[in-house]
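Take a look at the structure below.
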Amino acid sequence: MQNDNSTKISLDILTGLCKRRGFIFQSSEIYGGLNGFWDYGPLGTELKNNLRDAWWQDMVRSPPVGPDGEVVNILGLDSSIIQNPRVWEASGHVGGFNDPMSDCRESKSRYRADHLVVYLPQSGDGHGFACLTGNEADAEKRIRKQAKADPSAYKVIPFPELPAADLARIWGPDATGPGTLTEPRQFNLMFKTFIGAASGEDNLAYLRPETAQGIFTNYKHVVDTMRVKLPFGIAQIGKSFRNEVTPRNFIFRSREFEQMELEWFCHPDEAQKWYDFWVAERLKWWESLGIRADYLQRRDHDPDELAHYSTACADVEYRYGFTDPEYGELEGVAHRGDYDLTQHQTFSGTKLEYFDQETNTRVLPHVIEPSSGLTRGVLVLLNEAYREEFVPKGETEGGPIEAIPGSQPPEGYEKRVVMRFAPRLAPVKVAVFPLLKNRPELVEKAKAIHADLRRDWAVDYDQTGAIGRRYRRQDEIGTPFCVTIDFDSLEDDTVTVRERDSMHQERVAIADLRAWLHNKGL
RNA sequence: GCGGGUGUUGCUUAGUGGUAAAGCUCCAGCCUUCCAAGCUGGUCACGCGGGUUCGAUUCCCGCCACCCGCUCCA
């Protein structure tokens with residue numbers, strides 16, 4: 001990716017800033033860390049909570065107007081992370097990911113171990129040959145050619161029953177020599193845990209790999225208690241856990257992550273209409289947060305990549321710097337049909353049909369699922385916000401000049417790093433400074449304004465060092481406004497409000513400050 | 001999971017078989033009337049565990065984490 005993009009930044013820079021400024025730390029770092037887990041520091045927590053709250057506000061409390069011009073109805077839920085293990089049998093998560101696999105180091109092929117059989121010499125010595133069940137002729141051919149022996153001198157056993165010590169003398173199906181197959185390994189998507197103090201297989205449980213199933217299992221409760229009519233939605237935000245084979249790319253793919261999921265229940269005849277609506281709506285929502293439109297795209301899944309439960313799926317993708325090709329998933333909007341409710345109806349024996357009073361008919365609703373990664377959203381916000389700029393030394397006339405990340409400023413300029421978060425999402429909204437810290441009257445007034453503003457917003461107070469340094473500190477954590485109390489403030493009760501992006505300053509009466517900030521998007 | 005690379009303070013680097021230096025950051029004081037100024041002082045590091053050795057941050061082994069590629073990916 002050598003193109004155009006002067007603002008492309010590396011994950012190294014972002015990871016460094018997140019650590020340096022208290023956004024995101026490696027989990028349990030003092031013990032050497034843990035692959036695939038991350039902790040959110042004070043500012044990362046604020047940022048993540050702000051994104052979470054924006055989603056909740058815009059999806060649950062004040063959702064968009066539907067395609068018919070009617071306000072849609074969406075209700076909130078918070079189901080437990082650990083659920084009856086049968087939930088995951090019904091959902092298809094148990095079973096689908098439990099097959100032991102063996103890799104060939106030479107051919108890079110991966111085989112399901114229960115699909116392989118091994119020809120072993122009756123004599124006990126010499127090479128053995130593995131093949132896929134159904135391809136026995138292939139193995140026998142190789143016995144004649146490679147071992148110059150008759151297949152009848154061999155016994156056939158299932159690959160999983162082969163002692164690990166014998167792997168060294170086995171030829172893989174696609175290998176040109178022995179000893180290339182790895183010991184069969186279990187790939188378990190779900191984290192296992194045990195309920196109760198005594199552990200054993202009979203009290204096995206799982207940490208949920210998605211929040212969606214908790215919605216389906218509560219669907220009937222919501223229908224019965226909340227006087228809802230089709231169509232309606234149930235929304236949930238929470239942690240999910242997946243034993244990813246390869247956690248990579250900072251918080252993009254981690255083993256513990258957070259989802260914001262909506263399950264939209266509707267009449268089967270209307271499902272396509274709602275699918276189209278939600279795909280478009282979700283793309284618009286990310287743009288409304290200030291994400292550059294040319295960094296977002298809709299990608300419809302090909303029929304052959306659809307999951308078993310899904311009849312259509314479209315992703316909202318973002319142009320991360322590291323995903324290949326170029327764009328990577330941020331949110332998936334899936335048309336799940338009636339798969340989930342059918343499964344849970346079958347497995348639980350509980351009727352999950354919706355009874356329509358007006359038409360006197362029963363129907364199993366179809367489901368459209370916009371499911372986005374909250375923690376992936378945080379990564380997108382960080383990536384979108386990061387800028388390096390050149391500023392003339394000692395003054396701000398003309399404002400900052402956008403720079404290529406990692407480049408050095410020309411003579412007379414210095415670099416500033418600024419996080420251009422939308423005010424709504426910024427972890428700190430306002431910082432309050434006395435111009436000088438050794439003038440008690442300035443300090444006192446600044447502290448009073450700080451104490452007042454913090455009733456409404458996350459507000460920093462800083463009196464350390466030169467004023468310019470304090471501005472730059474706030475730039476780097478993305479604080480949109482800084483308020484400075486100077487000697488004029490003591491005379492006329494006005495303050496300087498300095499804007500992060502333009503670095504412009506404006507004189508505002510203290511009495512108007514709260515309203516002024518509100519008008520700027522806080 | 002495979003292959004390659006990396007690991008000294010918050011960051012960037014220096015260095016050594018005798019437990020570590022510098023710049024920036026950070027903290028305190030002085031100073032400072034709006035964009036990382038200056039002066040003085042200060043805190044903080046050899047990823048973890050073994051081995052060799054009188055002594056290991058340095059040499060050896062194992063592990064862990066991170067980065068790149070492959071693989072995988074609801």
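Naming works like this for the structure tokens: A, B, ... for the chains as they're shown, residue 1 at the start of each chain, ligands 1 onward in shown order.
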For this session: Enumerate, as a PyMOL selection string, the complete set of residues in stretch 247-303 of chain A that a backbone-based DSSP assignment places in helix (DSSP H, G or I).
Result: chain A and resi 268-288+293-295+303
Now that the selection is made, can you save its residues with C-alpha atoms as a compact mmCIF listing (two decimals), in the first residue's frame?
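Okay, again.txt is ready:
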# COMPACT_ATOMS: atom_id res chain seq x y z
CA PRO A 268 -40.52 -12.79 7.37
CA ASP A 269 -42.15 -10.84 4.53
CA GLU A 270 -40.46 -7.65 5.67
CA ALA A 271 -37.03 -9.06 6.45
CA GLN A 272 -35.38 -7.97 3.23
CA LYS A 273 -36.63 -4.42 3.62
CA TRP A 274 -35.22 -4.22 7.15
CA TYR A 275 -31.96 -5.82 6.11
CA ASP A 276 -31.43 -3.11 3.50
CA PHE A 277 -32.44 -0.47 6.01
CA TRP A 278 -30.04 -1.55 8.71
CA VAL A 279 -27.06 -2.00 6.42
CA ALA A 280 -27.46 1.56 5.17
CA GLU A 281 -28.27 2.92 8.59
CA ARG A 282 -25.23 1.41 10.29
CA LEU A 283 -22.84 2.76 7.68
CA LYS A 284 -24.38 6.21 8.20
CA TRP A 285 -23.94 5.91 11.93
CA TRP A 286 -20.19 5.39 11.78
CA GLU A 287 -19.94 8.36 9.44
CA SER A 288 -21.92 10.44 11.91
CA ALA A 293 -16.40 8.36 4.45
CA ASP A 294 -13.61 7.21 2.13
CA TYR A 295 -12.23 5.10 4.98
CA PRO A 303 -22.87 -16.60 -1.03
What are the nearest atom pairs, with distances in Å to one decimal, for all residues of chain B that come at most 9 Å from chain A, using only C-alpha atoms (C1' of nucleotides), set out by chain and rising residue number as JSON lines?
{"residue": "B:G1", "atom": "C1'", "partner": "A:Asp103", "partner_atom": "CA", "distance": 8.0}
{"residue": "B:C2", "atom": "C1'", "partner": "A:Arg105", "partner_atom": "CA", "distance": 6.9}
{"residue": "B:G10", "atom": "C1'", "partner": "A:Arg20", "partner_atom": "CA", "distance": 5.9}
{"residue": "B:C11", "atom": "C1'", "partner": "A:Arg20", "partner_atom": "CA", "distance": 7.9}
{"residue": "B:U32", "atom": "C1'", "partner": "A:Ala466", "partner_atom": "CA", "distance": 7.1}
{"residue": "B:U33", "atom": "C1'", "partner": "A:Phe487", "partner_atom": "CA", "distance": 7.3}
{"residue": "B:C34", "atom": "C1'", "partner": "A:Ile467", "partner_atom": "CA", "distance": 6.3}
{"residue": "B:C35", "atom": "C1'", "partner": "A:Gly468", "partner_atom": "CA", "distance": 3.7}
{"residue": "B:A36", "atom": "C1'", "partner": "A:Arg469", "partner_atom": "CA", "distance": 4.5}
{"residue": "B:A37", "atom": "C1'", "partner": "A:Ala466", "partner_atom": "CA", "distance": 8.3}
{"residue": "B:G47", "atom": "C1'", "partner": "A:Gly32", "partner_atom": "CA", "distance": 6.3}
{"residue": "B:C48", "atom": "C1'", "partner": "A:Gly32", "partner_atom": "CA", "distance": 7.1}
{"residue": "B:C64", "atom": "C1'", "partner": "A:Gly32", "partner_atom": "CA", "distance": 6.0}
{"residue": "B:A65", "atom": "C1'", "partner": "A:Gly32", "partner_atom": "CA", "distance": 6.0}
{"residue": "B:C67", "atom": "C1'", "partner": "A:Asp12", "partner_atom": "CA", "distance": 8.7}
{"residue": "B:C70", "atom": "C1'", "partner": "A:Lys108", "partner_atom": "CA", "distance": 8.8}
{"residue": "B:U71", "atom": "C1'", "partner": "A:Lys108", "partner_atom": "CA", "distance": 7.6}
{"residue": "B:C72", "atom": "C1'", "partner": "A:Val245", "partner_atom": "CA", "distance": 6.1}
{"residue": "B:C73", "atom": "C1'", "partner": "A:Glu244", "partner_atom": "CA", "distance": 7.4}
{"residue": "B:A74", "atom": "C1'", "partner": "A:Pro209", "partner_atom": "CA", "distance": 8.0}
Exercise. Out of B:C39, B:C31, B:C66, B:C46, which residue has the shortest atom-to-atom distance to B:U19 when counting only C-alpha atoms (C1' of nucleotides)?
Worked result: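 The closest residue to B:U19 is B:C46.
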For this session: Please provide as a ChimeraX atom specification all residues within 10 Å of stretch 323-336 of chain A, with the sequence filter that same-chain residues fewer than 5 positions apart are discarded (counting only C-alpha atoms (C1' of nucleotides)).
Result: /A:1,249,252,259-264,271-272,274-276,278-280,282-283,286,295-301,306-318,341,366-377,379-380
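A straight line drawn from atom CA of A:Ala515 to atom CA of A:Ala431 is 16.2 Å long.
A straight line drawn from atom CA of A:Ile170 to atom CA of A:Ala130 is 6.7 Å long.
Proximity to stretch 476-481 of chain A at 9 Å, evaluated using only C-alpha atoms (C1' of nucleotides) and with sequence-adjacent residues fewer than 6 positions away removed, yields Leu17, Arg21, Gly22, Phe23, Leu43, Ala385, Tyr386, Arg416, Val417, Val418, Met419, Arg420, Phe421, Ala422, Pro423, Ala426, Pro427, Val428, Lys429, Val430, Ala431, Val432, Val497, Arg498, Glu499, Arg500, Asp501 and Leu517 of chain A.
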Residues just named, written with C-alpha atoms as a PDB file, in the first residue's frame:
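Writing done, so here's result_21.pdb:
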ATOM      1  CA  LEU A  17       0.682   6.633  22.204  1.00  0.00           C
ATOM      2  CA  ARG A  21      -0.990   8.517  27.499  1.00  0.00           C
ATOM      3  CA  GLY A  22      -3.021   5.961  29.404  1.00  0.00           C
ATOM      4  CA  PHE A  23      -5.429   4.673  26.788  1.00  0.00           C
ATOM      5  CA  LEU A  43      -8.528   7.554  29.009  1.00  0.00           C
ATOM      6  CA  ALA A 385      -8.056  10.817  15.391  1.00  0.00           C
ATOM      7  CA  TYR A 386      -4.257  10.600  15.173  1.00  0.00           C
ATOM      8  CA  ARG A 416       2.620  18.472  17.653  1.00  0.00           C
ATOM      9  CA  VAL A 417       0.705  15.245  18.008  1.00  0.00           C
ATOM     10  CA  VAL A 418      -3.026  15.746  18.213  1.00  0.00           C
ATOM     11  CA  MET A 419      -5.930  13.351  18.596  1.00  0.00           C
ATOM     12  CA  ARG A 420      -8.862  14.866  16.758  1.00  0.00           C
ATOM     13  CA  PHE A 421     -11.690  13.029  18.508  1.00  0.00           C
ATOM     14  CA  ALA A 422     -15.211  14.291  17.941  1.00  0.00           C
ATOM     15  CA  PRO A 423     -16.101  16.297  21.075  1.00  0.00           C
ATOM     16  CA  ALA A 426     -13.217  12.728  23.513  1.00  0.00           C
ATOM     17  CA  PRO A 427     -12.138  11.164  26.828  1.00  0.00           C
ATOM     18  CA  VAL A 428     -11.510  14.602  28.351  1.00  0.00           C
ATOM     19  CA  LYS A 429     -13.806  17.379  27.170  1.00  0.00           C
ATOM     20  CA  VAL A 430     -12.253  20.469  28.734  1.00  0.00           C
ATOM     21  CA  ALA A 431      -9.005  21.375  30.480  1.00  0.00           C
ATOM     22  CA  VAL A 432      -8.795  24.363  32.809  1.00  0.00           C
ATOM     23  CA  VAL A 497     -11.068  29.248  25.240  1.00  0.00           C
ATOM     24  CA  ARG A 498      -8.573  27.599  22.955  1.00  0.00           C
ATOM     25  CA  GLU A 499      -9.752  25.173  20.304  1.00  0.00           C
ATOM     26  CA  ARG A 500      -7.745  22.031  19.734  1.00  0.00           C
ATOM     27  CA  ASP A 501      -7.892  21.622  15.953  1.00  0.00           C
ATOM     28  CA  LEU A 517     -19.303  24.632  25.185  1.00  0.00           C
TER      29      LEU A 517
END
For this session: Report the residues of stretch 275-425 of chain A whose backbone DSSP state falls under strand (DSSP E), written as a ChimeraX atom specification.
Result: /A:296-300,312-318,328-337,354-356,361-363,366-373,386-392,401-403,413-419
Residue subset to file, keeping N, CA and C atoms, as a short mmCIF file (atom, residue, chain, number, x, y, z; two decimals), in the first residue's frame:
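File selection-v4.cif, as written:
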data_model
loop_
_atom_site.label_atom_id
_atom_site.label_comp_id
_atom_site.auth_asym_id
_atom_site.auth_seq_id
_atom_site.Cartn_x
_atom_site.Cartn_y
_atom_site.Cartn_z
N LEU A 296 -14.48 4.18 4.99
CA LEU A 296 -15.51 3.20 5.30
C LEU A 296 -16.05 2.63 4.00
N GLN A 297 -16.46 1.38 4.03
CA GLN A 297 -17.15 0.85 2.86
C GLN A 297 -18.09 -0.28 3.28
N ARG A 298 -19.08 -0.49 2.43
CA ARG A 298 -19.97 -1.63 2.61
C ARG A 298 -19.44 -2.76 1.74
N ARG A 299 -19.39 -3.97 2.31
CA ARG A 299 -18.97 -5.11 1.51
C ARG A 299 -19.97 -6.25 1.70
N ASP A 300 -20.63 -6.63 0.63
CA ASP A 300 -21.59 -7.72 0.70
C ASP A 300 -20.84 -9.05 0.61
N ALA A 312 -27.88 -13.74 4.17
CA ALA A 312 -27.24 -12.59 3.55
C ALA A 312 -26.43 -11.88 4.63
N CYS A 313 -25.35 -11.26 4.25
CA CYS A 313 -24.53 -10.56 5.24
C CYS A 313 -23.75 -9.46 4.54
N ALA A 314 -23.73 -8.30 5.17
CA ALA A 314 -22.92 -7.20 4.65
C ALA A 314 -22.08 -6.64 5.78
N ASP A 315 -20.82 -6.40 5.53
CA ASP A 315 -19.95 -5.82 6.55
C ASP A 315 -19.80 -4.32 6.33
N VAL A 316 -19.71 -3.61 7.44
CA VAL A 316 -19.17 -2.26 7.38
C VAL A 316 -17.69 -2.40 7.62
N GLU A 317 -16.90 -2.00 6.65
CA GLU A 317 -15.45 -2.19 6.76
C GLU A 317 -14.73 -0.85 6.87
N TYR A 318 -13.61 -0.89 7.55
CA TYR A 318 -12.79 0.31 7.74
C TYR A 318 -11.39 0.07 7.18
N GLY A 328 -10.93 -3.85 6.53
CA GLY A 328 -11.21 -4.95 7.45
C GLY A 328 -12.50 -4.72 8.20
N GLU A 329 -13.05 -5.79 8.77
CA GLU A 329 -14.38 -5.72 9.35
C GLU A 329 -14.44 -4.83 10.59
N LEU A 330 -15.50 -4.04 10.65
CA LEU A 330 -15.80 -3.24 11.83
C LEU A 330 -17.15 -3.69 12.40
N GLU A 331 -18.08 -3.94 11.51
CA GLU A 331 -19.42 -4.36 11.91
C GLU A 331 -19.97 -5.30 10.85
N GLY A 332 -20.73 -6.29 11.29
CA GLY A 332 -21.40 -7.17 10.33
C GLY A 332 -22.90 -7.05 10.50
N VAL A 333 -23.61 -6.92 9.39
CA VAL A 333 -25.07 -6.92 9.45
C VAL A 333 -25.54 -8.20 8.76
N ALA A 334 -26.08 -9.14 9.58
CA ALA A 334 -26.44 -10.45 9.05
C ALA A 334 -27.94 -10.64 9.00
N HIS A 335 -28.39 -11.24 7.94
CA HIS A 335 -29.77 -11.68 7.82
C HIS A 335 -29.79 -13.12 8.32
N ARG A 336 -30.28 -13.32 9.55
CA ARG A 336 -30.19 -14.65 10.17
C ARG A 336 -31.45 -15.47 9.96
N GLY A 337 -32.42 -14.90 9.26
CA GLY A 337 -33.66 -15.65 9.04
C GLY A 337 -34.28 -16.05 10.36
N TYR A 354 -44.43 -15.70 17.64
CA TYR A 354 -45.06 -14.43 17.98
C TYR A 354 -46.51 -14.48 17.51
N PHE A 355 -47.42 -14.11 18.40
CA PHE A 355 -48.83 -14.12 18.02
C PHE A 355 -49.28 -12.71 17.67
N ASP A 356 -49.72 -12.57 16.44
CA ASP A 356 -50.17 -11.26 15.95
C ASP A 356 -51.66 -11.09 16.22
N THR A 361 -52.64 -14.45 13.63
CA THR A 361 -51.74 -15.46 13.08
C THR A 361 -50.50 -15.60 13.96
N ARG A 362 -49.89 -16.76 13.86
CA ARG A 362 -48.63 -17.00 14.56
C ARG A 362 -47.50 -17.00 13.56
N VAL A 363 -46.37 -16.45 13.98
CA VAL A 363 -45.24 -16.40 13.07
C VAL A 363 -43.95 -16.48 13.89
N HIS A 366 -38.30 -13.33 11.69
CA HIS A 366 -36.96 -13.37 11.14
C HIS A 366 -36.13 -12.28 11.80
N VAL A 367 -34.80 -12.48 11.75
CA VAL A 367 -33.93 -11.61 12.52
C VAL A 367 -32.87 -10.97 11.62
N ILE A 368 -32.74 -9.65 11.77
CA ILE A 368 -31.62 -8.93 11.16
C ILE A 368 -30.68 -8.52 12.30
N GLU A 369 -29.40 -8.81 12.14
CA GLU A 369 -28.46 -8.59 13.25
C GLU A 369 -27.33 -7.65 12.87
N PRO A 370 -27.42 -6.38 13.24
CA PRO A 370 -26.25 -5.50 13.14
C PRO A 370 -25.38 -5.71 14.38
N SER A 371 -24.19 -6.24 14.17
CA SER A 371 -23.32 -6.60 15.28
C SER A 371 -21.96 -5.92 15.09
N SER A 372 -21.66 -5.00 15.99
CA SER A 372 -20.40 -4.30 15.81
C SER A 372 -19.47 -4.51 16.98
N GLY A 373 -18.20 -4.38 16.68
CA GLY A 373 -17.18 -4.53 17.71
C GLY A 373 -16.95 -3.20 18.39
N TYR A 386 -5.69 10.30 15.08
CA TYR A 386 -4.26 10.60 15.17
C TYR A 386 -3.76 11.49 14.04
N ARG A 387 -3.11 12.59 14.41
CA ARG A 387 -2.50 13.48 13.43
C ARG A 387 -1.15 13.96 13.96
N GLU A 388 -0.23 14.13 13.04
CA GLU A 388 0.98 14.88 13.37
C GLU A 388 0.95 16.15 12.56
N GLU A 389 1.31 17.25 13.21
CA GLU A 389 1.24 18.55 12.55
C GLU A 389 2.47 19.38 12.87
N PHE A 390 2.77 20.34 11.99
CA PHE A 390 3.85 21.29 12.24
C PHE A 390 3.25 22.62 12.64
N VAL A 391 3.84 23.22 13.67
CA VAL A 391 3.36 24.50 14.18
C VAL A 391 4.56 25.44 14.27
N PRO A 392 4.40 26.68 13.80
CA PRO A 392 5.51 27.64 13.93
C PRO A 392 5.87 27.83 15.40
N ILE A 401 -0.06 22.86 10.37
CA ILE A 401 0.04 22.29 9.03
C ILE A 401 0.13 20.78 9.18
N GLU A 402 -0.74 20.05 8.50
CA GLU A 402 -0.73 18.60 8.63
C GLU A 402 0.58 18.03 8.08
N ALA A 403 1.15 17.07 8.79
CA ALA A 403 2.45 16.51 8.42
C ALA A 403 2.35 15.02 8.20
N TYR A 413 9.85 25.47 12.91
CA TYR A 413 8.59 24.81 13.25
C TYR A 413 8.86 23.69 14.27
N GLU A 414 7.81 23.32 14.95
CA GLU A 414 7.93 22.14 15.80
C GLU A 414 6.71 21.25 15.58
N LYS A 415 6.88 19.99 15.99
CA LYS A 415 5.83 19.01 15.75
C LYS A 415 4.85 18.98 16.91
N ARG A 416 3.57 18.81 16.58
CA ARG A 416 2.62 18.47 17.65
C ARG A 416 1.84 17.24 17.23
N VAL A 417 1.55 16.41 18.22
CA VAL A 417 0.70 15.24 18.01
C VAL A 417 -0.66 15.59 18.57
N VAL A 418 -1.69 15.37 17.76
CA VAL A 418 -3.03 15.75 18.21
C VAL A 418 -4.01 14.63 17.87
N MET A 419 -4.86 14.33 18.81
CA MET A 419 -5.93 13.35 18.60
C MET A 419 -7.21 14.13 18.34
#
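Between atom CA of A:Asp340 and atom CA of A:Gln213 the interatomic distance comes to 8.1 Å.
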For this session: For B:G55, please output as a PyMOL selection string all residues within 10 Å (counting only C-alpha atoms (C1' of nucleotides); exclusion window: fewer than 2 positions along the same chain).
Result: chain B and resi 17-18+53
Exercise. Do you know which residues are at most 12 Å from B:G62 counting only C-alpha atoms (C1' of nucleotides), after dropping those on the same chain fewer than 4 positions away, and could you put them as a PyMOL selection string?
Worked result: chain B and resi 48-51
File of the preceding selection, N, CA, C and O atoms (P, O5', C5', C4', C3', O3' and C1' of nucleotides), as a PDB file, in the first residue's frame:
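Produced file out_39.pdb, reproduced below:
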ATOM      1  P     C B  48      13.033  -9.412  34.324  1.00  0.00           P
ATOM      2  O5'   C B  48      12.287 -10.822  34.315  1.00  0.00           O
ATOM      3  C5'   C B  48      10.962 -10.949  34.798  1.00  0.00           C
ATOM      4  C4'   C B  48      10.505 -12.381  34.682  1.00  0.00           C
ATOM      5  C3'   C B  48      11.450 -13.420  35.261  1.00  0.00           C
ATOM      6  O3'   C B  48      11.293 -13.561  36.661  1.00  0.00           O
ATOM      7  C1'   C B  48      10.783 -14.103  33.111  1.00  0.00           C
ATOM      8  P     G B  49      12.555 -14.047  37.523  1.00  0.00           P
ATOM      9  O5'   G B  49      12.741 -15.563  37.079  1.00  0.00           O
ATOM     10  C5'   G B  49      11.716 -16.505  37.333  1.00  0.00           C
ATOM     11  C4'   G B  49      12.092 -17.848  36.792  1.00  0.00           C
ATOM     12  C3'   G B  49      13.490 -18.337  37.149  1.00  0.00           C
ATOM     13  O3'   G B  49      13.549 -18.841  38.467  1.00  0.00           O
ATOM     14  C1'   G B  49      13.075 -18.747  34.859  1.00  0.00           C
ATOM     15  P     G B  50      14.996 -19.211  39.074  1.00  0.00           P
ATOM     16  O5'   G B  50      15.286 -20.613  38.385  1.00  0.00           O
ATOM     17  C5'   G B  50      16.597 -21.078  38.322  1.00  0.00           C
ATOM     18  C4'   G B  50      16.728 -22.146  37.271  1.00  0.00           C
ATOM     19  C3'   G B  50      18.180 -22.502  36.972  1.00  0.00           C
ATOM     20  O3'   G B  50      18.688 -23.444  37.896  1.00  0.00           O
ATOM     21  C1'   G B  50      17.076 -22.022  34.955  1.00  0.00           C
ATOM     22  P     G B  51      20.049 -23.086  38.631  1.00  0.00           P
ATOM     23  O5'   G B  51      21.098 -23.407  37.487  1.00  0.00           O
ATOM     24  C5'   G B  51      21.033 -24.660  36.809  1.00  0.00           C
ATOM     25  C4'   G B  51      21.897 -24.633  35.574  1.00  0.00           C
ATOM     26  C3'   G B  51      23.340 -24.185  35.800  1.00  0.00           C
ATOM     27  O3'   G B  51      24.150 -25.223  36.320  1.00  0.00           O
ATOM     28  C1'   G B  51      22.456 -23.122  33.887  1.00  0.00           C
TER      29        G B  51
END
Exercise. Could you name the residues that touch A:Tyr206 at 6 Å or less, counting only C-alpha atoms (C1' of nucleotides), but leaving out those on the same chain fewer than 5 positions away, as a PyMOL selection string?
Worked result: chain A and resi 191-193
